[in-house]
file protein22.txt (compact mmCIF, C-alpha atoms)
# COMPACT_ATOMS: atom_id res chain seq x y z
CA MET A 121 -9.52 -7.65 -24.36
CA SER A 122 -8.74 -6.32 -20.89
CA PRO A 123 -11.30 -4.38 -18.86
CA VAL A 124 -11.02 -0.61 -18.67
CA VAL A 125 -9.25 0.77 -15.60
CA PRO A 126 -11.85 2.85 -13.71
CA ASP A 127 -11.25 6.54 -13.16
CA ARG A 128 -12.43 8.53 -10.16
CA MET A 129 -15.76 9.47 -11.74
CA THR A 130 -16.50 5.84 -12.57
CA ILE A 131 -15.62 4.75 -9.04
CA ASP A 132 -17.85 7.43 -7.52
CA ALA A 133 -20.70 6.28 -9.78
CA ALA A 134 -20.20 2.71 -8.60
CA ARG A 135 -20.32 3.78 -4.96
CA GLU A 136 -23.64 5.50 -5.55
CA ARG A 137 -25.04 2.59 -7.57
CA ILE A 138 -24.38 -0.06 -4.90
CA ARG A 139 -24.96 1.97 -1.75
CA ASP A 140 -28.26 0.25 -0.95
CA LEU A 141 -26.77 -3.24 -1.32
CA ALA A 142 -23.20 -3.04 -0.01
CA VAL A 143 -22.13 -1.53 3.30
CA ARG A 144 -19.13 0.63 4.10
CA THR A 145 -16.93 -1.74 6.09
CA PRO A 146 -14.76 -0.68 9.05
CA LEU A 147 -10.99 -0.32 8.95
CA ILE A 148 -9.57 -1.40 12.31
CA ARG A 149 -6.07 -1.69 13.75
CA LEU A 150 -4.74 -5.21 14.36
CA GLN A 151 -4.46 -5.88 18.07
CA GLY A 152 -1.45 -7.58 19.60
CA GLY A 153 0.74 -7.86 16.52
CA ALA A 154 4.50 -7.34 16.34
CA ARG A 155 3.87 -3.92 14.80
CA ASP A 156 1.14 -1.38 15.43
CA ASP A 157 0.58 -0.11 11.89
CA ILE A 158 -1.31 -3.07 10.44
CA TYR A 159 -4.98 -2.45 9.67
CA LEU A 160 -7.81 -4.79 8.70
CA LYS A 161 -10.45 -3.91 6.10
CA LEU A 162 -13.28 -6.17 7.24
CA GLU A 163 -15.17 -7.14 4.10
CA THR A 164 -16.38 -10.16 6.04
CA LEU A 165 -19.10 -7.83 7.34
CA GLN A 166 -20.79 -7.40 3.97
CA PRO A 167 -24.33 -8.85 3.73
CA VAL A 168 -22.98 -11.83 1.77
CA GLY A 169 -19.86 -12.23 3.92
CA SER A 170 -17.40 -10.97 1.30
CA PHE A 171 -16.40 -7.98 -0.82
CA LYS A 172 -17.96 -9.57 -3.87
CA ILE A 173 -21.28 -7.86 -3.24
CA ARG A 174 -19.63 -4.63 -4.41
CA CYS A 175 -18.43 -5.81 -7.80
CA ALA A 176 -21.31 -8.19 -8.48
CA ALA A 177 -23.97 -5.59 -7.69
CA ASN A 178 -22.21 -2.95 -9.78
CA ALA A 179 -21.89 -5.31 -12.75
CA LEU A 180 -25.53 -6.37 -12.53
CA LEU A 181 -27.02 -2.92 -11.99
CA SER A 182 -24.88 -1.40 -14.73
CA ARG A 183 -26.70 -3.59 -17.24
CA GLY A 184 -30.04 -1.95 -16.56
CA ASP A 185 -32.92 -3.94 -18.06
CA ALA A 186 -30.73 -5.90 -20.47
CA CYS A 187 -30.66 -9.00 -18.25
CA ARG A 188 -34.07 -9.01 -16.61
CA ASP A 189 -34.61 -12.62 -17.67
CA GLY A 190 -31.56 -13.85 -15.80
CA VAL A 191 -27.77 -13.87 -15.61
CA SER A 192 -25.07 -16.46 -14.99
CA THR A 193 -21.52 -16.49 -13.73
CA ALA A 194 -18.61 -18.81 -12.94
CA SER A 195 -17.45 -18.40 -9.36
CA ALA A 196 -15.83 -20.26 -6.49
CA GLY A 197 -18.79 -19.00 -4.50
CA ASN A 198 -18.32 -15.44 -3.29
CA PHE A 199 -18.95 -13.53 -6.53
CA ALA A 200 -21.95 -15.72 -7.27
CA GLN A 201 -23.30 -14.96 -3.79
CA GLY A 202 -22.99 -11.25 -4.43
CA LEU A 203 -24.73 -11.65 -7.75
CA ALA A 204 -27.47 -13.82 -6.26
CA TYR A 205 -28.02 -11.33 -3.43
CA ALA A 206 -28.29 -8.40 -5.83
CA GLY A 207 -30.38 -10.45 -8.26
CA ARG A 208 -32.84 -11.45 -5.57
CA ALA A 209 -33.21 -7.81 -4.53
CA ARG A 210 -34.01 -6.86 -8.13
CA GLY A 211 -36.00 -9.97 -9.11
CA ILE A 212 -33.37 -11.29 -11.54
CA PRO A 213 -32.68 -15.08 -11.63
CA VAL A 214 -29.03 -16.13 -11.22
CA THR A 215 -27.27 -19.33 -12.29
CA ALA A 216 -23.91 -20.04 -10.67
CA TYR A 217 -21.31 -22.41 -12.13
CA VAL A 218 -19.06 -23.49 -9.26
CA PRO A 219 -16.00 -25.76 -9.13
CA ASP A 220 -16.18 -29.11 -7.39
CA THR A 221 -13.58 -27.73 -4.95
CA ALA A 222 -15.89 -24.95 -3.72
CA ALA A 223 -16.40 -24.75 0.03
CA ARG A 224 -19.69 -26.35 1.04
CA SER A 225 -20.52 -23.27 3.11
CA LYS A 226 -20.38 -21.14 -0.06
CA VAL A 227 -22.63 -23.49 -2.01
CA GLU A 228 -25.16 -23.54 0.83
CA ALA A 229 -25.15 -19.74 0.94
CA LEU A 230 -25.82 -19.62 -2.80
CA GLU A 231 -28.79 -21.90 -2.36
CA ARG A 232 -30.12 -19.70 0.46
CA PHE A 233 -29.95 -16.68 -1.85
CA GLY A 234 -32.01 -18.55 -4.43
CA ALA A 235 -29.34 -19.17 -7.07
CA SER A 236 -29.41 -22.20 -9.36
CA VAL A 237 -26.10 -23.99 -8.72
CA VAL A 238 -24.30 -26.06 -11.36
CA THR A 239 -21.16 -27.89 -10.21
CA LEU A 240 -18.32 -28.42 -12.70
CA ALA A 241 -14.98 -30.23 -12.54
CA TYR A 242 -12.31 -27.70 -11.55
CA ASP A 243 -10.53 -27.78 -14.93
CA ARG A 244 -13.76 -27.21 -16.83
CA TRP A 245 -14.74 -24.42 -14.46
CA TRP A 246 -11.36 -22.70 -14.83
CA ALA A 247 -11.66 -22.93 -18.62
CA MET A 248 -14.94 -21.00 -18.36
CA LEU A 249 -13.05 -18.22 -16.58
CA ALA A 250 -10.13 -18.23 -19.01
CA GLU A 251 -12.37 -18.32 -22.10
CA PRO A 252 -15.81 -17.04 -21.07
CA PRO A 253 -18.86 -18.01 -23.12
CA ALA A 254 -20.11 -15.54 -25.72
CA ASP A 255 -23.34 -14.97 -23.86
CA PRO A 256 -24.42 -11.41 -23.00
CA ALA A 257 -26.12 -12.75 -19.88
CA PHE A 258 -22.84 -14.18 -18.57
CA ILE A 259 -21.16 -11.88 -16.03
CA HIS A 260 -17.48 -12.64 -15.63
CA PRO A 261 -16.31 -12.27 -12.02
CA VAL A 262 -13.05 -10.60 -13.05
CA ILE A 263 -12.62 -9.30 -16.59
CA GLU A 264 -15.38 -6.70 -16.69
CA SER A 265 -14.88 -2.97 -16.27
CA GLU A 266 -17.88 -2.76 -13.93
CA VAL A 267 -16.36 -5.45 -11.72
CA LEU A 268 -13.15 -3.47 -11.38
CA ALA A 269 -15.10 -0.32 -10.56
CA GLY A 270 -17.07 -2.11 -7.86
CA ASN A 271 -13.87 -3.45 -6.32
CA ALA A 272 -12.30 -0.01 -6.54
CA THR A 273 -14.83 1.34 -4.05
CA ILE A 274 -12.81 -0.44 -1.34
CA GLY A 275 -9.72 1.56 -2.23
CA ALA A 276 -11.65 4.83 -2.05
CA GLU A 277 -12.92 3.96 1.44
CA ILE A 278 -9.42 3.03 2.64
CA LEU A 279 -8.05 6.40 1.59
CA GLU A 280 -10.84 8.24 3.38
CA ASN A 281 -10.02 6.41 6.62
CA LEU A 282 -6.24 6.17 6.27
CA PRO A 283 -4.90 8.74 3.78
CA ASP A 284 -1.25 7.88 4.48
CA VAL A 285 -1.59 4.15 3.78
CA ALA A 286 1.61 2.85 2.17
CA THR A 287 0.87 -0.81 1.36
CA VAL A 288 -2.34 -2.69 0.65
CA LEU A 289 -2.11 -6.48 0.77
CA VAL A 290 -4.81 -8.12 -1.32
CA PRO A 291 -5.63 -11.82 -1.84
CA TYR A 292 -5.15 -12.72 -5.49
CA GLY A 293 -7.76 -14.89 -7.16
CA GLY A 294 -8.57 -13.60 -10.63
CA GLY A 295 -7.00 -10.19 -10.18
CA GLY A 296 -10.11 -8.04 -10.12
CA LEU A 297 -9.78 -7.08 -6.46
CA ALA A 298 -6.08 -6.22 -6.60
CA CYS A 299 -6.40 -4.24 -9.83
CA GLY A 300 -9.57 -2.46 -8.74
CA ILE A 301 -8.12 -1.30 -5.43
CA SER A 302 -4.89 -0.20 -7.12
CA ALA A 303 -6.87 1.76 -9.69
CA ALA A 304 -8.69 3.61 -6.92
CA LEU A 305 -5.45 4.48 -5.13
CA LYS A 306 -3.97 5.87 -8.34
CA ALA A 307 -7.17 7.72 -9.26
CA HIS A 308 -7.01 9.54 -5.93
CA GLY A 309 -3.32 10.39 -6.29
CA SER A 310 -2.08 8.00 -3.60
CA ALA A 311 1.46 6.60 -3.75
CA ALA A 312 0.39 3.43 -1.90
CA VAL A 313 1.19 0.13 -3.58
CA VAL A 314 -0.87 -3.02 -3.91
CA ILE A 315 0.79 -6.37 -3.24
CA ALA A 316 -0.84 -9.62 -4.35
CA SER A 317 -1.00 -12.17 -1.54
CA GLU A 318 -0.58 -15.77 -2.65
CA THR A 319 -0.12 -19.11 -0.89
CA GLU A 320 2.06 -22.08 -1.59
CA ALA A 321 -1.03 -23.89 -2.92
CA GLY A 322 -0.73 -21.86 -6.12
CA ALA A 323 1.20 -18.68 -6.93
CA PRO A 324 0.56 -17.76 -10.58
CA VAL A 325 1.24 -14.03 -10.16
CA ARG A 326 4.72 -14.54 -8.75
CA ALA A 327 5.48 -16.89 -11.64
CA ALA A 328 4.09 -14.44 -14.21
CA PHE A 329 6.22 -11.59 -12.88
CA ALA A 330 9.29 -13.83 -13.00
CA ALA A 331 8.57 -14.98 -16.57
CA GLY A 332 7.27 -11.66 -17.88
CA GLU A 333 4.05 -13.35 -18.99
CA PRO A 334 1.38 -15.71 -17.66
CA VAL A 335 2.66 -19.25 -17.21
CA THR A 336 1.10 -22.42 -15.85
CA VAL A 337 2.04 -23.33 -12.28
CA PRO A 338 1.23 -26.28 -10.03
CA PHE A 339 -2.00 -25.78 -8.13
CA ALA A 340 -3.19 -27.92 -5.24
CA PRO A 341 -6.70 -27.43 -3.83
CA SER A 342 -6.63 -26.65 -0.11
CA PHE A 343 -8.73 -25.02 2.60
CA VAL A 344 -7.82 -21.72 0.91
CA THR A 345 -10.50 -21.34 -1.75
CA GLY A 346 -11.27 -18.41 -4.02
CA MET A 347 -7.62 -17.54 -4.61
CA GLY A 348 -4.72 -19.12 -6.42
CA GLY A 349 -5.08 -21.04 -9.64
CA PRO A 350 -3.02 -22.54 -12.46
CA THR A 351 -2.25 -19.24 -14.22
CA VAL A 352 -2.99 -15.54 -14.44
CA ILE A 353 -6.02 -14.99 -16.68
CA PRO A 354 -4.41 -13.69 -19.89
CA ALA A 355 -6.88 -10.81 -20.31
CA MET A 356 -5.92 -9.53 -16.86
CA TRP A 357 -2.14 -9.66 -17.31
CA PRO A 358 -1.72 -6.16 -18.83
CA LEU A 359 -3.56 -4.66 -15.87
CA VAL A 360 -1.77 -6.80 -13.29
CA ARG A 361 1.61 -5.85 -14.73
CA SER A 362 0.80 -2.14 -14.53
CA LEU A 363 -1.24 -1.98 -11.31
CA VAL A 364 0.20 -4.62 -8.95
CA ALA A 365 3.59 -3.80 -7.43
CA GLY A 366 4.60 -7.32 -6.43
CA THR A 367 3.62 -10.47 -4.59
CA ALA A 368 3.83 -11.87 -1.07
CA LEU A 369 3.96 -15.65 -0.72
CA VAL A 370 2.84 -17.37 2.49
CA SER A 371 2.48 -20.97 3.57
CA LEU A 372 -0.77 -22.73 4.40
CA ALA A 373 0.39 -22.95 8.01
CA GLU A 374 0.94 -19.17 8.14
CA THR A 375 -2.48 -18.63 6.62
CA ALA A 376 -4.12 -20.91 9.17
CA ALA A 377 -2.33 -19.03 11.95
CA ALA A 378 -3.74 -15.76 10.60
CA VAL A 379 -7.27 -17.23 10.59
CA ARG A 380 -6.73 -18.21 14.22
CA MET A 381 -5.40 -14.76 15.16
CA LEU A 382 -8.40 -13.00 13.61
CA ALA A 383 -10.79 -15.29 15.46
CA GLU A 384 -9.05 -15.03 18.82
CA ARG A 385 -8.20 -11.33 18.85
CA HIS A 386 -10.99 -9.77 16.82
CA HIS A 387 -13.77 -12.39 16.87
CA VAL A 388 -13.66 -12.31 13.07
CA ILE A 389 -14.09 -15.51 11.05
CA ALA A 390 -12.04 -15.20 7.86
CA GLU A 391 -11.71 -17.71 5.08
CA GLY A 392 -8.22 -18.65 3.95
CA ALA A 393 -8.15 -16.04 1.20
CA GLY A 394 -9.28 -13.39 3.67
CA ALA A 395 -6.52 -14.26 6.14
CA ALA A 396 -3.67 -14.59 3.62
CA PRO A 397 -3.01 -10.81 3.48
CA LEU A 398 -2.63 -10.71 7.27
CA ALA A 399 -0.28 -13.69 7.09
CA ALA A 400 1.76 -11.77 4.52
CA ALA A 401 1.79 -8.62 6.66
CA LEU A 402 3.03 -10.56 9.68
CA ALA A 403 5.69 -12.44 7.72
CA GLY A 404 7.00 -9.51 5.67
CA ASP A 405 8.49 -6.08 6.19
CA HIS A 406 6.16 -4.05 4.00
CA PRO A 407 6.23 -0.27 4.46
CA GLY A 408 3.45 0.94 6.73
CA PRO A 409 0.78 1.76 7.40
CA VAL A 410 -0.30 -1.58 5.94
CA VAL A 411 -3.90 -2.46 5.13
CA CYS A 412 -4.90 -6.12 4.84
CA ILE A 413 -8.04 -6.85 2.84
CA VAL A 414 -9.93 -9.45 4.87
CA SER A 415 -11.92 -10.32 1.80
CA GLY A 416 -14.42 -12.89 3.03
CA GLY A 417 -15.55 -15.13 5.85
CA HIS A 418 -16.79 -18.33 4.21
CA LEU A 419 -14.79 -21.02 5.98
CA ASP A 420 -16.14 -24.53 6.42
CA ALA A 421 -16.91 -25.31 10.06
CA ALA A 422 -14.68 -28.39 10.06
CA HIS A 423 -11.73 -26.38 8.73
CA LEU A 424 -12.32 -23.69 11.33
CA ALA A 425 -12.42 -26.26 14.12
CA THR A 426 -9.11 -27.74 12.95
CA ILE A 427 -7.47 -24.33 12.78
CA LEU A 428 -8.71 -23.22 16.20
CA ALA A 429 -7.29 -26.46 17.60
CA GLY A 430 -3.88 -25.45 16.23
CA GLY A 431 -3.88 -27.54 13.05
CA VAL A 432 -3.86 -26.96 9.30
CA PRO A 433 -6.80 -28.52 7.40
call {"tool": "encode", "arguments": {"input": "protein22.txt", "output": "structure tokens"}}
result
Amino acid sequence: MSPVVPDRMTIDAARERIRDLAVRTPLIRLQGGARDDIYLKLETLQPVGSFKIRCAANALLSRGDACRDGVSTASAGNFAQGLAYAGRARGIPVTAYVPDTAARSKVEALERFGASVVTLAYDRWWAMLAEPPADPAFIHPVIESEVLAGNATIGAEILENLPDVATVLVPYGGGGLACGISAALKAHGSAAVVIASETEAGAPVRAAFAAGEPVTVPFAPSFVTGMGGPTVIPAMWPLVRSLVAGTALVSLAETAAAVRMLAERHHVIAEGAGAAPLAAALAGDHPGPVVCIVSGGHLDAAHLATILAGGVP
């Protein structure tokens, strides 16, 4: 079963529900690029350093008192951080299942927020996402209607700041962010399109569009965490097919260069997934104005040092 696409009323309700936990992030123009119509939606400035506070808080708070004894999730780190942050604020214990490829900075942040962390081999962790456990206390980071609605609040904010936006470039992990933002654009009557940003480390959406269905693709862990994967989650494919207009593929070197640009020109530290949309905007010819979702800022210090020195981790 696929999650329900949120309508405008549902999105407005999510904005109200999470307003004390998530902040409205700024939309700023990229400085010094080859074109002057590229904008950055800085979700790195959320209390947990990523957009995931929006969807995690909405999913948790939507449950009311049903999960007072605790919840769990499977996450590369960012969604679990959002859940742990919201859970701590409401006195709800959180258990996070993370892959053994998760950035150490994300695991340390989870521990700071008081989550119980369980590390799994990547394949076993991915299987938990593809076939979630039948546990009402398990909150899936992607295939829940409340998650989409939380993510959709970003799209609503973009339209308020930039009504004539034409293209929104979104990092693609599980699909919840891309589909949520696209749903908001459509709910508000915008003609803007959402493009899924992927890297050469793993591009399951591009392969699914080419095949007409989810297929398995090679996936190599890299400094870009929280996006990519071996396939499109089957439950998300109907939504992806109807809400995502296409894909933009970038190299790891282009992604590292985008991380460096954000640090040097805007003093923003973005993780690989957060910089991939900017890399795609710089490499492509997408209709503008273009908004790049800088989704999170959890980049290991060693990787950042390598990138700032001109390398690729």
call {"tool": "closest_residue", "arguments": {"input": "protein22.txt", "among": "A:Pro261, A:Val325, A:Glu251, A:Leu428", "to": "A:Gly197", "atoms": "only C-alpha atoms"}}
result
A:Pro261
call {"tool": "residues_around", "arguments": {"input": "protein22.txt", "residues": "stretch 129-144 of chain A", "least_positions_apart": "2", "cutoff": "6 Å", "atoms": "only C-alpha atoms", "output": "list in words"}}
result
Pro126, Asp127, Arg174, Ala269 and Gly270 of chain A
call {"tool": "closest_residue", "arguments": {"input": "protein22.txt", "among": "A:Ala399, A:Ala328, A:Ile274, A:Val410", "to": "A:Thr287", "atoms": "all atoms listed in the file"}}
result
A:Val410
call {"tool": "closest_residue", "arguments": {"input": "protein22.txt", "among": "A:Cys299, A:Val267, A:Ala194, A:Ala179", "to": "A:Pro358", "atoms": "only C-alpha atoms"}}
result
A:Cys299
call {"tool": "atom_distance", "arguments": {"input": "protein22.txt", "atom1": "atom CA of A:Ile389", "atom2": "atom CA of A:Ile259"}}
result
28.2 Å
call {"tool": "closest_atom_pairs", "arguments": {"input": "protein22.txt", "of": "stretch 344-409 of chain A", "to": "stretch 163-173 of chain A", "cutoff": "12 Å", "atoms": "all atoms listed in the file", "output": "CSV"}}
result
residue,atom,partner,partner_atom,distance
A:Gly346,CA,A:Ser170,CA,11.0
A:Leu382,CA,A:Thr164,CA,11.4
A:His387,CA,A:Thr164,CA,11.4
A:Val388,CA,A:Thr164,CA,7.8
A:Ile389,CA,A:Thr164,CA,7.7
A:Ala390,CA,A:Thr164,CA,6.9
A:Glu391,CA,A:Thr164,CA,8.9
A:Gly392,CA,A:Thr164,CA,12.0
A:Ala393,CA,A:Ser170,CA,10.5
A:Gly394,CA,A:Thr164,CA,8.2
A:Ala395,CA,A:Thr164,CA,10.7
call {"tool": "residues_around", "arguments": {"input": "protein22.txt", "residues": "A:Glu318", "least_positions_apart": "4", "cutoff": "9 Å", "atoms": "all atoms listed in the file", "output": "PyMOL selection string"}}
result
chain A and resi 290-293+322-326+347-348+367-371+393+396-397+400
call {"tool": "write_last_selection", "arguments": {"input": "protein22.txt", "atoms": "C-alpha atoms", "output": "PDB file, in the coordinates of the input"}}
result
ATOM      1  CA  VAL A 290      -4.810  -8.120  -1.320  1.00  0.00           C
ATOM      2  CA  PRO A 291      -5.630 -11.820  -1.840  1.00  0.00           C
ATOM      3  CA  TYR A 292      -5.150 -12.720  -5.490  1.00  0.00           C
ATOM      4  CA  GLY A 293      -7.760 -14.890  -7.160  1.00  0.00           C
ATOM      5  CA  GLY A 322      -0.730 -21.860  -6.120  1.00  0.00           C
ATOM      6  CA  ALA A 323       1.200 -18.680  -6.930  1.00  0.00           C
ATOM      7  CA  PRO A 324       0.560 -17.760 -10.580  1.00  0.00           C
ATOM      8  CA  VAL A 325       1.240 -14.030 -10.160  1.00  0.00           C
ATOM      9  CA  ARG A 326       4.720 -14.540  -8.750  1.00  0.00           C
ATOM     10  CA  MET A 347      -7.620 -17.540  -4.610  1.00  0.00           C
ATOM     11  CA  GLY A 348      -4.720 -19.120  -6.420  1.00  0.00           C
ATOM     12  CA  THR A 367       3.620 -10.470  -4.590  1.00  0.00           C
ATOM     13  CA  ALA A 368       3.830 -11.870  -1.070  1.00  0.00           C
ATOM     14  CA  LEU A 369       3.960 -15.650  -0.720  1.00  0.00           C
ATOM     15  CA  VAL A 370       2.840 -17.370   2.490  1.00  0.00           C
ATOM     16  CA  SER A 371       2.480 -20.970   3.570  1.00  0.00           C
ATOM     17  CA  ALA A 393      -8.150 -16.040   1.200  1.00  0.00           C
ATOM     18  CA  ALA A 396      -3.670 -14.590   3.620  1.00  0.00           C
ATOM     19  CA  PRO A 397      -3.010 -10.810   3.480  1.00  0.00           C
ATOM     20  CA  ALA A 400       1.760 -11.770   4.520  1.00  0.00           C
TER      21      ALA A 400
END
call {"tool": "closest_atom_pairs", "arguments": {"input": "protein22.txt", "of": "stretch 349-430 of chain A", "to": "stretch 311-315 of chain A", "cutoff": "6 Å", "atoms": "all atoms listed in the file", "output": "CSV"}}
result
residue,atom,partner,partner_atom,distance
A:Val364,CA,A:Val314,CA,5.4
A:Ala365,CA,A:Ile315,CA,5.7
A:Gly366,CA,A:Ile315,CA,5.1
A:Thr367,CA,A:Ile315,CA,5.2
call {"tool": "atom_distance", "arguments": {"input": "protein22.txt", "atom1": "atom CA of A:Glu266", "atom2": "atom CA of A:Ser182"}}
result
7.2 Å
call {"tool": "residues_around", "arguments": {"input": "protein22.txt", "residues": "A:Ala276", "least_positions_apart": "4", "cutoff": "8 Å", "atoms": "all atoms listed in the file", "output": "list in words"}}
result
Ala272, Glu280, Ile301, Ala304, Leu305 and His308 of chain A
call {"tool": "residues_near_point", "arguments": {"input": "protein22.txt", "point": "(-11.3, -30.2, -2.8)", "cutoff": "9 Å", "atoms": "only C-alpha atoms", "output": "CSV table (one decimal) with C-alpha atoms, in the coordinates of the input"}}
result
chain,number,residue,atom,x,y,z
A,220,ASP,CA,-16.2,-29.1,-7.4
A,221,THR,CA,-13.6,-27.7,-5.0
A,222,ALA,CA,-15.9,-25.0,-3.7
A,223,ALA,CA,-16.4,-24.8,0.0
A,340,ALA,CA,-3.2,-27.9,-5.2
A,341,PRO,CA,-6.7,-27.4,-3.8
A,342,SER,CA,-6.6,-26.6,-0.1
A,343,PHE,CA,-8.7,-25.0,2.6
A,345,THR,CA,-10.5,-21.3,-1.8
call {"tool": "atom_distance", "arguments": {"input": "protein22.txt", "atom1": "atom CA of A:Tyr205", "atom2": "atom CA of A:Ile353"}}
result
25.9 Å
call {"tool": "closest_residue", "arguments": {"input": "protein22.txt", "among": "A:Asp185, A:Glu231, A:Glu320, A:Glu277", "to": "A:Lys161", "atoms": "all atoms listed in the file"}}
result
A:Glu277
call {"tool": "residues_around", "arguments": {"input": "protein22.txt", "residues": "A:Thr336", "least_positions_apart": "5", "cutoff": "9 Å", "atoms": "all atoms listed in the file", "output": "list of chain:residue names"}}
result
A:Pro324, A:Ala327, A:Ala328, A:Gly349, A:Pro350, A:Thr351, A:Val352
call {"tool": "residues_around", "arguments": {"input": "protein22.txt", "residues": "stretch 210-216 of chain A", "least_positions_apart": "5", "cutoff": "6 Å", "atoms": "all atoms listed in the file", "output": "list in words"}}
result
Arg188, Gly190, Val191, Ser192, Thr193, Ala194, Ala200, Ala204, Ala235, Ser236 and Val237 of chain A
call {"tool": "residues_near_point", "arguments": {"input": "protein22.txt", "point": "(3.6, -4.3, 14.4)", "cutoff": "10 Å", "atoms": "all atoms listed in the file", "output": "list in words"}}
result
Leu150, Gln151, Gly152, Gly153, Ala154, Arg155, Asp156, Asp157, Ile158, Tyr159, Ala401, Leu402, Asp405, Gly408, Pro409 and Val410 of chain A
call {"tool": "decode", "arguments": {"input": "protein22.txt", "residues": "stretch 189-204 of chain A", "atoms": "N, CA and C atoms", "output": "short mmCIF file (atom, residue, chain, number, x, y, z; two decimals), in the first residue's frame"}}
result
data_model
loop_
_atom_site.label_atom_id
_atom_site.label_comp_id
_atom_site.auth_asym_id
_atom_site.auth_seq_id
_atom_site.Cartn_x
_atom_site.Cartn_y
_atom_site.Cartn_z
N ASP A 189 4.63 4.74 24.97
CA ASP A 189 5.64 3.86 25.55
C ASP A 189 6.90 3.77 24.69
N GLY A 190 6.86 4.34 23.51
CA GLY A 190 8.06 4.32 22.68
C GLY A 190 7.77 3.99 21.23
N VAL A 191 8.66 4.45 20.34
CA VAL A 191 8.56 4.18 18.91
C VAL A 191 9.92 3.77 18.40
N SER A 192 9.94 3.21 17.19
CA SER A 192 11.20 2.84 16.55
C SER A 192 11.13 3.23 15.09
N THR A 193 12.30 3.27 14.45
CA THR A 193 12.37 3.55 13.03
C THR A 193 13.64 2.97 12.46
N ALA A 194 13.71 2.87 11.14
CA ALA A 194 14.93 2.50 10.42
C ALA A 194 15.35 3.72 9.63
N SER A 195 16.57 4.18 9.83
CA SER A 195 16.98 5.45 9.24
C SER A 195 18.49 5.48 9.10
N ALA A 196 18.95 6.17 8.03
CA ALA A 196 20.38 6.38 7.87
C ALA A 196 20.89 7.41 8.86
N GLY A 197 19.99 8.02 9.60
CA GLY A 197 20.39 8.93 10.66
C GLY A 197 19.51 10.15 10.80
N ASN A 198 19.16 10.80 9.68
CA ASN A 198 18.46 12.07 9.78
C ASN A 198 17.02 11.93 10.26
N PHE A 199 16.26 10.98 9.71
CA PHE A 199 14.88 10.80 10.17
C PHE A 199 14.86 10.40 11.64
N ALA A 200 15.75 9.50 12.00
CA ALA A 200 15.81 9.07 13.39
C ALA A 200 16.14 10.24 14.32
N GLN A 201 16.99 11.16 13.86
CA GLN A 201 17.29 12.34 14.67
C GLN A 201 16.05 13.19 14.87
N GLY A 202 15.30 13.39 13.79
CA GLY A 202 14.07 14.15 13.91
C GLY A 202 13.10 13.50 14.87
N LEU A 203 13.01 12.19 14.79
CA LEU A 203 12.11 11.45 15.67
C LEU A 203 12.59 11.53 17.11
N ALA A 204 13.90 11.38 17.30
CA ALA A 204 14.46 11.44 18.65
C ALA A 204 14.27 12.84 19.27
#
